[in-house]
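Note: the block below is data-v4.cif and it holds mmCIF, C-alpha atoms and all ligand atoms.
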data_my_file
loop_
_atom_site.label_atom_id
_atom_site.label_comp_id
_atom_site.auth_asym_id
_atom_site.auth_seq_id
_atom_site.Cartn_x
_atom_site.Cartn_y
_atom_site.Cartn_z
CA MET A 5 90.60 61.35 -89.52
CA PHE A 6 88.31 60.68 -92.46
CA VAL A 7 90.35 57.84 -93.92
CA ALA A 8 91.43 54.70 -92.04
CA ALA A 9 92.89 51.40 -93.15
CA ASP A 10 91.08 48.05 -93.11
CA LYS A 11 92.80 44.84 -92.00
CA ASP A 12 94.30 44.42 -95.49
CA GLY A 13 95.71 47.95 -95.51
CA ASN A 14 93.15 49.36 -97.98
CA ARG A 15 92.07 52.97 -97.52
CA VAL A 16 88.50 53.24 -96.22
CA PHE A 17 86.61 56.54 -96.20
CA ILE A 18 84.40 57.33 -93.24
CA GLU A 19 81.26 57.36 -95.42
CA ASP A 20 82.01 53.77 -96.45
CA ALA A 21 82.79 52.53 -92.95
CA VAL A 22 80.65 49.68 -91.66
CA LYS A 23 79.81 49.48 -87.97
CA GLY A 24 81.40 46.50 -86.27
CA THR A 25 84.28 46.27 -88.76
CA GLU A 26 87.84 46.78 -87.57
CA TYR A 27 89.68 49.82 -88.85
CA PHE A 28 93.20 51.07 -88.16
CA CYS A 29 95.05 54.37 -88.00
CA PRO A 30 97.15 54.79 -91.17
CA VAL A 31 99.93 56.46 -89.16
CA CYS A 32 100.40 54.32 -86.01
CA GLY A 33 98.43 51.18 -86.94
CA ARG A 34 96.31 51.15 -83.76
CA GLY A 35 92.60 50.40 -83.96
CA VAL A 36 90.19 53.30 -84.53
CA ILE A 37 86.45 53.71 -84.03
CA ILE A 38 83.72 55.64 -85.86
CA LYS A 39 82.97 58.86 -84.00
CA ALA A 40 80.60 61.86 -84.00
CA LYS A 41 77.87 60.10 -85.93
CA GLU A 42 75.17 62.42 -84.59
CA SER A 43 77.23 65.56 -84.05
CA LEU A 44 76.40 68.85 -85.72
CA ALA A 45 79.62 70.49 -84.59
CA VAL A 46 82.02 68.11 -86.26
CA ALA A 47 81.81 65.75 -89.19
CA GLN A 48 81.71 62.02 -88.62
CA HIS A 49 85.25 60.71 -88.44
CA PHE A 50 87.53 57.95 -87.23
CA ALA A 51 89.15 58.36 -83.83
CA HIS A 52 91.55 56.41 -81.67
CA LYS A 53 89.96 54.41 -78.88
CA LYS A 54 89.65 56.10 -75.50
CA GLY A 55 92.96 56.12 -73.63
CA GLU A 56 95.00 55.20 -76.67
CA CYS A 57 97.26 57.76 -78.24
CA CYS A 58 98.80 58.11 -81.66
CA SER A 59 102.42 58.67 -82.65
CA ASP A 60 101.07 61.62 -84.66
CA LYS A 61 100.54 64.35 -82.05
CA TRP A 62 99.27 67.02 -84.41
CA HIS A 63 95.71 68.26 -84.05
CA TYR A 64 93.51 67.94 -87.10
CA ASP A 65 90.32 69.80 -87.93
CA MET A 66 87.26 67.61 -88.14
CA SER A 67 84.80 70.35 -89.09
CA GLU A 68 82.29 70.22 -91.91
CA TRP A 69 84.05 73.21 -93.47
CA HIS A 70 87.26 71.22 -93.53
CA ARG A 71 85.60 68.15 -94.94
CA ASN A 72 83.75 70.09 -97.64
CA TRP A 73 87.02 71.54 -98.88
CA GLN A 74 88.72 68.16 -98.86
CA ASN A 75 85.86 66.66 -100.83
CA TRP A 76 86.55 68.93 -103.80
CA PHE A 77 89.72 66.93 -104.41
CA PRO A 78 90.01 63.41 -105.85
CA LYS A 79 89.77 60.70 -103.22
CA GLU A 80 93.28 59.49 -103.86
CA CYS A 81 94.62 62.95 -102.89
CA ARG A 82 92.80 63.22 -99.55
CA GLU A 83 94.46 62.45 -96.23
CA ARG A 84 97.70 61.11 -97.56
CA VAL A 85 100.34 60.06 -95.07
CA VAL A 86 103.60 61.96 -95.58
CA GLU A 87 106.74 60.39 -94.11
CA ASN A 88 110.11 61.96 -93.48
CA ASN A 89 112.91 60.31 -91.48
CA GLY A 90 110.48 57.85 -89.95
CA VAL A 91 108.04 60.57 -88.82
CA LYS A 92 104.55 60.39 -90.29
CA HIS A 93 101.74 62.93 -90.51
CA ARG A 94 98.50 63.10 -92.46
CA ALA A 95 98.22 65.77 -95.16
CA ASP A 96 94.64 67.02 -95.65
CA VAL A 97 95.29 66.98 -99.38
CA LEU A 98 98.44 66.00 -101.27
CA ILE A 99 98.21 66.85 -104.95
CA ASN A 100 101.03 67.25 -107.48
CA GLY A 101 103.64 67.59 -104.75
CA THR A 102 101.67 70.25 -102.85
CA VAL A 103 100.23 69.70 -99.39
CA ILE A 104 97.06 71.70 -98.80
CA VAL A 105 96.10 72.29 -95.18
CA PHE A 106 92.55 73.41 -94.40
CA GLN A 107 92.40 75.09 -91.03
CA HIS A 108 89.08 75.92 -89.43
CA SER A 109 90.10 76.32 -85.79
CA HIS A 110 92.85 78.30 -84.13
CA ILE A 111 96.41 77.08 -84.52
CA SER A 112 99.48 78.61 -82.91
CA PRO A 113 102.34 80.16 -84.93
CA GLN A 114 104.62 77.42 -83.54
CA GLU A 115 102.35 74.67 -84.84
CA ILE A 116 102.13 76.34 -88.23
CA ALA A 117 105.93 76.64 -88.40
CA GLU A 118 106.36 73.00 -87.37
CA ARG A 119 104.05 71.79 -90.12
CA ASN A 120 105.70 74.00 -92.73
CA LYS A 121 109.11 72.67 -91.74
CA PHE A 122 108.01 69.05 -91.86
CA TYR A 123 106.34 69.27 -95.26
CA ILE A 124 109.09 71.38 -96.84
CA GLU A 125 111.75 68.96 -95.57
CA SER A 126 109.63 66.16 -97.06
CA GLY A 127 109.99 67.88 -100.43
CA CYS A 128 106.47 69.34 -100.64
CA LYS A 129 105.12 72.80 -101.28
CA VAL A 130 102.60 73.96 -98.68
CA VAL A 131 99.31 75.82 -99.10
CA TRP A 132 97.20 76.91 -96.15
CA VAL A 133 93.53 77.79 -96.39
CA PHE A 134 92.17 79.37 -93.21
CA ASP A 135 88.50 79.69 -92.43
CA ALA A 136 88.37 83.46 -91.90
CA ASN A 137 84.72 83.39 -90.89
CA LYS A 138 82.87 83.80 -87.65
CA SER A 139 82.95 80.11 -86.79
CA GLY A 140 86.56 79.77 -87.92
CA ILE A 141 89.70 81.62 -86.85
CA GLY A 142 87.81 84.94 -86.94
CA SER A 143 86.03 86.87 -89.65
CA ILE A 144 87.20 89.77 -91.74
CA LYS A 145 84.77 92.57 -92.50
CA ASN A 146 84.55 96.22 -93.40
CA LYS A 147 84.72 98.46 -90.38
CA SER A 148 81.33 99.79 -91.39
CA GLY A 149 79.98 96.25 -91.37
CA GLY A 150 79.33 96.26 -95.10
CA THR A 151 80.36 93.73 -97.69
CA ILE A 152 84.03 93.63 -98.46
CA ASP A 153 84.98 94.98 -101.85
CA LEU A 154 88.60 94.08 -102.23
CA LEU A 155 89.02 96.08 -105.40
CA CYS A 156 88.08 99.30 -103.63
CA CYS A 157 89.25 98.74 -100.11
CA GLY A 158 92.22 100.59 -98.80
CA GLU A 159 94.25 100.39 -95.67
CA GLU A 160 92.25 100.11 -92.49
CA ASP A 161 89.08 99.29 -94.40
CA LEU A 162 89.08 95.76 -93.16
CA CYS A 163 89.35 94.42 -89.69
CA TRP A 164 88.91 91.23 -87.73
CA GLU A 165 85.37 91.03 -86.50
CA ARG A 166 86.09 88.26 -84.07
CA LYS A 167 89.41 86.92 -83.07
CA LYS A 168 89.95 84.09 -80.70
CA LYS A 169 93.69 84.21 -80.36
CA GLU A 170 96.66 85.98 -81.80
CA PHE A 171 97.09 84.94 -85.38
CA SER A 172 100.28 85.24 -87.37
CA ILE A 173 102.20 83.17 -89.85
CA LYS A 174 105.79 83.18 -90.96
CA MET A 175 105.81 82.28 -94.60
CA PRO A 176 108.97 80.70 -95.89
CA GLU A 177 109.47 80.06 -99.58
CA ASN A 178 107.18 77.33 -100.93
CA VAL A 179 104.37 78.29 -98.53
CA LYS A 180 101.23 80.12 -99.61
CA VAL A 181 98.43 81.30 -97.35
CA TYR A 182 94.83 82.00 -98.31
CA LEU A 183 92.13 83.40 -96.05
CA GLU A 184 88.62 82.36 -96.99
CA TYR A 185 85.69 84.59 -96.13
CA LYS A 186 82.05 84.68 -97.19
CA THR A 187 80.28 87.44 -99.03
CA THR A 188 76.74 87.78 -100.37
CA ASP A 189 76.93 90.72 -102.76
CA LEU A 190 78.76 89.05 -105.60
CA ILE A 191 75.89 86.83 -106.56
CA GLU A 192 72.95 88.75 -107.96
CA THR A 193 70.29 86.23 -107.23
CA GLN A 194 67.24 86.70 -105.10
CA GLU A 195 68.51 84.15 -102.68
CA ARG A 196 71.72 86.15 -102.21
CA GLU A 197 73.70 83.04 -101.66
CA GLU A 198 76.86 83.16 -99.69
CA ASP A 199 79.95 82.92 -101.77
CA GLY A 200 83.42 81.94 -100.60
CA ILE A 201 86.24 84.29 -101.56
CA LEU A 202 89.91 83.56 -101.04
CA LEU A 203 92.52 86.17 -100.26
CA LEU A 204 96.02 85.23 -101.33
CA THR A 205 98.18 86.83 -98.69
CA ARG A 206 101.74 88.11 -98.80
CA LYS A 207 102.16 88.61 -95.10
CA VAL A 208 100.10 87.67 -92.06
CA GLU A 209 100.98 89.37 -88.81
CA PRO A 210 98.96 89.78 -85.62
CA LYS A 211 97.73 93.26 -86.57
CA GLN A 212 98.38 93.39 -90.25
CA ILE A 213 97.56 91.33 -93.28
CA THR A 214 98.93 92.10 -96.71
CA PHE A 215 97.28 90.42 -99.68
CA TYR A 216 97.32 90.52 -103.46
CA LYS A 217 94.90 92.93 -105.03
CA THR A 218 93.47 91.34 -108.15
CA ASP A 219 91.05 92.34 -110.87
CA GLU A 220 88.87 89.37 -110.05
CA HIS A 221 87.97 87.79 -106.80
CA ILE A 222 89.49 84.39 -106.22
CA HIS A 223 86.69 81.90 -105.92
CA CYS A 224 86.87 78.32 -104.83
CA LEU A 225 86.98 77.16 -108.48
CA ASN A 226 89.97 79.39 -109.27
CA PHE A 227 91.76 77.90 -106.31
CA LEU A 228 90.90 74.35 -107.33
CA LYS A 229 92.17 74.91 -110.86
CA GLU A 230 95.39 76.40 -109.52
CA TYR A 231 96.14 73.29 -107.52
CA GLY A 232 95.04 70.69 -110.02
CA ALA A 233 91.63 69.55 -108.78
CA PRO A 234 89.32 68.52 -111.63
CA ILE A 235 86.70 71.18 -112.47
CA ASN A 236 84.33 71.73 -115.37
CA GLY A 237 84.03 74.85 -117.48
CA GLU A 238 86.42 77.66 -118.28
CA VAL A 239 87.83 78.98 -115.06
CA LEU A 240 90.93 81.08 -114.53
CA SER A 241 93.48 79.76 -112.09
CA VAL A 242 94.82 82.03 -109.34
CA THR A 243 98.02 82.49 -111.32
CA GLU A 244 96.01 83.47 -114.41
CA ILE A 245 93.99 86.01 -112.41
CA ILE A 246 97.19 87.57 -111.13
CA GLN A 247 98.70 87.66 -114.62
CA LYS A 248 95.50 89.22 -115.97
CA THR A 249 95.62 91.88 -113.26
CA ILE A 250 99.23 92.70 -114.06
CA ALA A 251 98.41 92.92 -117.78
CA HIS A 252 95.44 95.17 -117.02
CA GLN A 253 97.55 97.52 -114.92
CA PHE A 254 100.21 97.53 -117.63
CA ASN A 255 97.71 98.44 -120.34
CA GLN A 256 96.35 101.33 -118.32
CA ARG A 257 99.71 103.04 -118.30
CA PRO A 258 101.40 104.80 -121.21
CA GLN A 259 104.11 102.52 -122.45
CA VAL A 260 107.41 104.31 -122.55
CA GLY A 261 110.35 102.06 -123.19
CA GLN A 262 110.66 98.98 -121.06
CA VAL A 263 108.36 99.10 -118.05
CA THR A 264 108.10 96.47 -115.38
CA ILE A 265 105.00 96.54 -113.24
CA GLN A 266 104.69 94.52 -110.10
CA LEU A 267 101.40 93.54 -108.60
CA LYS A 268 100.83 95.76 -105.61
CA PRO A 269 99.74 94.09 -102.43
CA VAL A 270 97.01 95.68 -100.36
CA ARG A 271 97.79 96.11 -96.71
CA ILE A 272 95.07 95.56 -94.16
CA VAL A 273 95.61 96.91 -90.71
CA THR A 274 93.58 94.85 -88.36
CA LYS A 275 91.93 95.82 -85.15
CA ILE A 276 91.88 92.97 -82.72
CA VAL A 277 88.75 92.55 -80.68
CA ARG A 278 89.38 90.06 -77.97
CA ARG A 279 86.52 87.80 -77.01
CA PRO A 280 86.39 84.90 -74.61
CA TYR A 281 87.66 81.78 -76.26
CA SER A 282 84.72 79.56 -77.03
CA ARG A 283 84.83 75.82 -76.93
CA GLY A 284 87.22 74.56 -79.58
CA ARG A 285 86.29 72.19 -82.34
CA ARG A 286 89.49 70.42 -82.71
CA GLY A 287 89.60 66.87 -83.73
CA LEU A 288 92.12 64.42 -82.48
ZN ZN A 301 97.35 56.66 -84.88
#

Once you've parsed the file, please lay out its structure as structure tokens.
Amino acid sequence: MFVAADKDGNRVFIEDAVKGTEYFCPVCGRGVIIKAKESLAVAQHFAHKKGECCSDKWHYDMSEWHRNWQNWFPKECRERVVENNGVKHRADVLINGTVIVFQHSHISPQEIAERNKFYIESGCKVVWVFDANKSGIGSIKNKSGGTIDLLCCGEEDLCWERKKKEFSIKMPENVKVYLEYKTTDLIETQEREEDGILLLTRKVEPKQITFYKTDEHIHCLNFLKEYGAPINGEVLSVTEIIQKTIAHQFNQRPQVGQVTIQLKPVRIVTKIVRRPYSRGRRGL
């Protein structure tokens, strides 16, 4: 966890934690310690003391990827405790009634379903962002190894480069799933910086992913605007990108009478390459 409580119940972020001060788990109230100060694999975080367990049995990512995403959101939205019928869990981000879960490491379909159920029953919408990169749940790439161009790709153009475990999600209403991957070709700078792109999916099955094909790639900023994080400059939200794509498709067709055009999803058939499961990076 990146947020603990002090003895007065105030929220304390890990970066503000002072060694030797007592901090407590916001879910179960037990004491926690500062952990992973020197680790490169995981971000510094609070953890329960050795041998002590928490009433919250869920596993939470403690990766830098996870933390970087969380840090885009206002502090008051990060790691909020959601309670339903006396059961408490920590939401990575809770903003405008939407819980956003950032998932860097593998998670089973059962765990995903359990979290969806809990948050939906608590009255929240749920958004998942998966780290679809090499160090995350597995990366997506062109079969030829080239950069992914979502506007041109067709079925079977994309595949999982590396896949640790079977990955599928059942998406009930009020749940959205994005897969984040990195590309270098979109930025025409000499440095060729890596850029994060988000795929808004319609269906995620073990061998098949269906996602929305849009006129523009969904960048981090589009995502942040969609879900209410403060950003500067004129940026389209995900919804606006989708509406623009629909309007574009509509304008390309001769208009005869009343025509309704639906945004066509792109289907990706994945090839699963099984590799030995490397050491996990789960948190607590
Ligand atoms: Zn606890």

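With only C-alpha atoms as the atoms that count, the minimum distance from A:Arg94 to the choices A:Cys29, A:Ile141, A:Ile111, A:Ala117 is reached by A:Cys29.
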
A:Phe50 surroundings by only C-alpha atoms, 9 Å radius, close-in-sequence under 2 positions cut, as a PyMOL selection string: chain A and resi 5-8+18+27-29+36-40+48+52

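A distance search around ligand ZN 301 (chain A) (8 Å at most, all atoms listed in the file) returns the following protein and nucleic acid residues: Phe28, Cys29, Pro30, Val31, Cys32, Gly33, Arg34, Gly35, Val36, His52, Cys57, Cys58, Ser59 and Asp60 of chain A.
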
Output C-alpha atoms for every residue in the selection just made, as a tab-separated table (two decimals), keeping the file's coordinate frame.
chain	number	residue	atom	x	y	z
A	28	PHE	CA	93.20	51.07	-88.16
A	29	CYS	CA	95.05	54.37	-88.00
A	30	PRO	CA	97.15	54.79	-91.17
A	31	VAL	CA	99.93	56.46	-89.16
A	32	CYS	CA	100.40	54.32	-86.01
A	33	GLY	CA	98.43	51.18	-86.94
A	34	ARG	CA	96.31	51.15	-83.76
A	35	GLY	CA	92.60	50.40	-83.96
A	36	VAL	CA	90.19	53.30	-84.53
A	52	HIS	CA	91.55	56.41	-81.67
A	57	CYS	CA	97.26	57.76	-78.24
A	58	CYS	CA	98.80	58.11	-81.66
A	59	SER	CA	102.42	58.67	-82.65
A	60	ASP	CA	101.07	61.62	-84.66

Atomic separation - atom CA of A:Val85 relative to atom CA of A:Phe106, Å: 15.5 Å

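Note that the spacing between atom CA of A:Glu125 and atom CA of A:Val91 amounts to 11.4 Å.
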
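Straight-line separation from atom CA of A:Tyr231 to atom CA of A:Val133: 12.3 Å.
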
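Compared by their closest atoms to A:Asn72, and using only C-alpha atoms, the residues A:Cys224, A:Lys207, A:Val16, A:Trp132 rank with A:Cys224 nearest.
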
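Residue nearest A:Leu98, chosen from A:Ser172, A:Asn236, A:Ser126, A:Asn255 and counting all atoms listed in the file: A:Ser126.
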
Residues near A:Leu225, cut-off 9 Å, only C-alpha atoms, skip fewer than 3 positions along chain, as a VMD selection string: chain A and resid 222 228 to 230 233 235 239 to 241

Neighbours of point (87.1, 80.3, -96.2) within 9 Å, using all atoms listed in the file, written as a PyMOL selection string: chain A and resi 69+106+108+133-137+140+182-186+200-203+224

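Minimum atom-to-atom distances from A:Val22, A:Val131, A:Val97, A:Val103 to A:Lys180 were compared using all atoms listed in the file, and the lowest value belongs to A:Val131.
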
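Of the residues listed (A:Gly90, A:Gly142, A:Gly13, A:Gly127), A:Gly127 shows the shortest atom-to-atom separation from A:Asn178; distances use all atoms listed in the file.
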
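Minimum distance to A:Ala9 across A:Thr25, A:Thr218, A:His93, A:Gln247 (counting only C-alpha atoms) occurs at A:Thr25.
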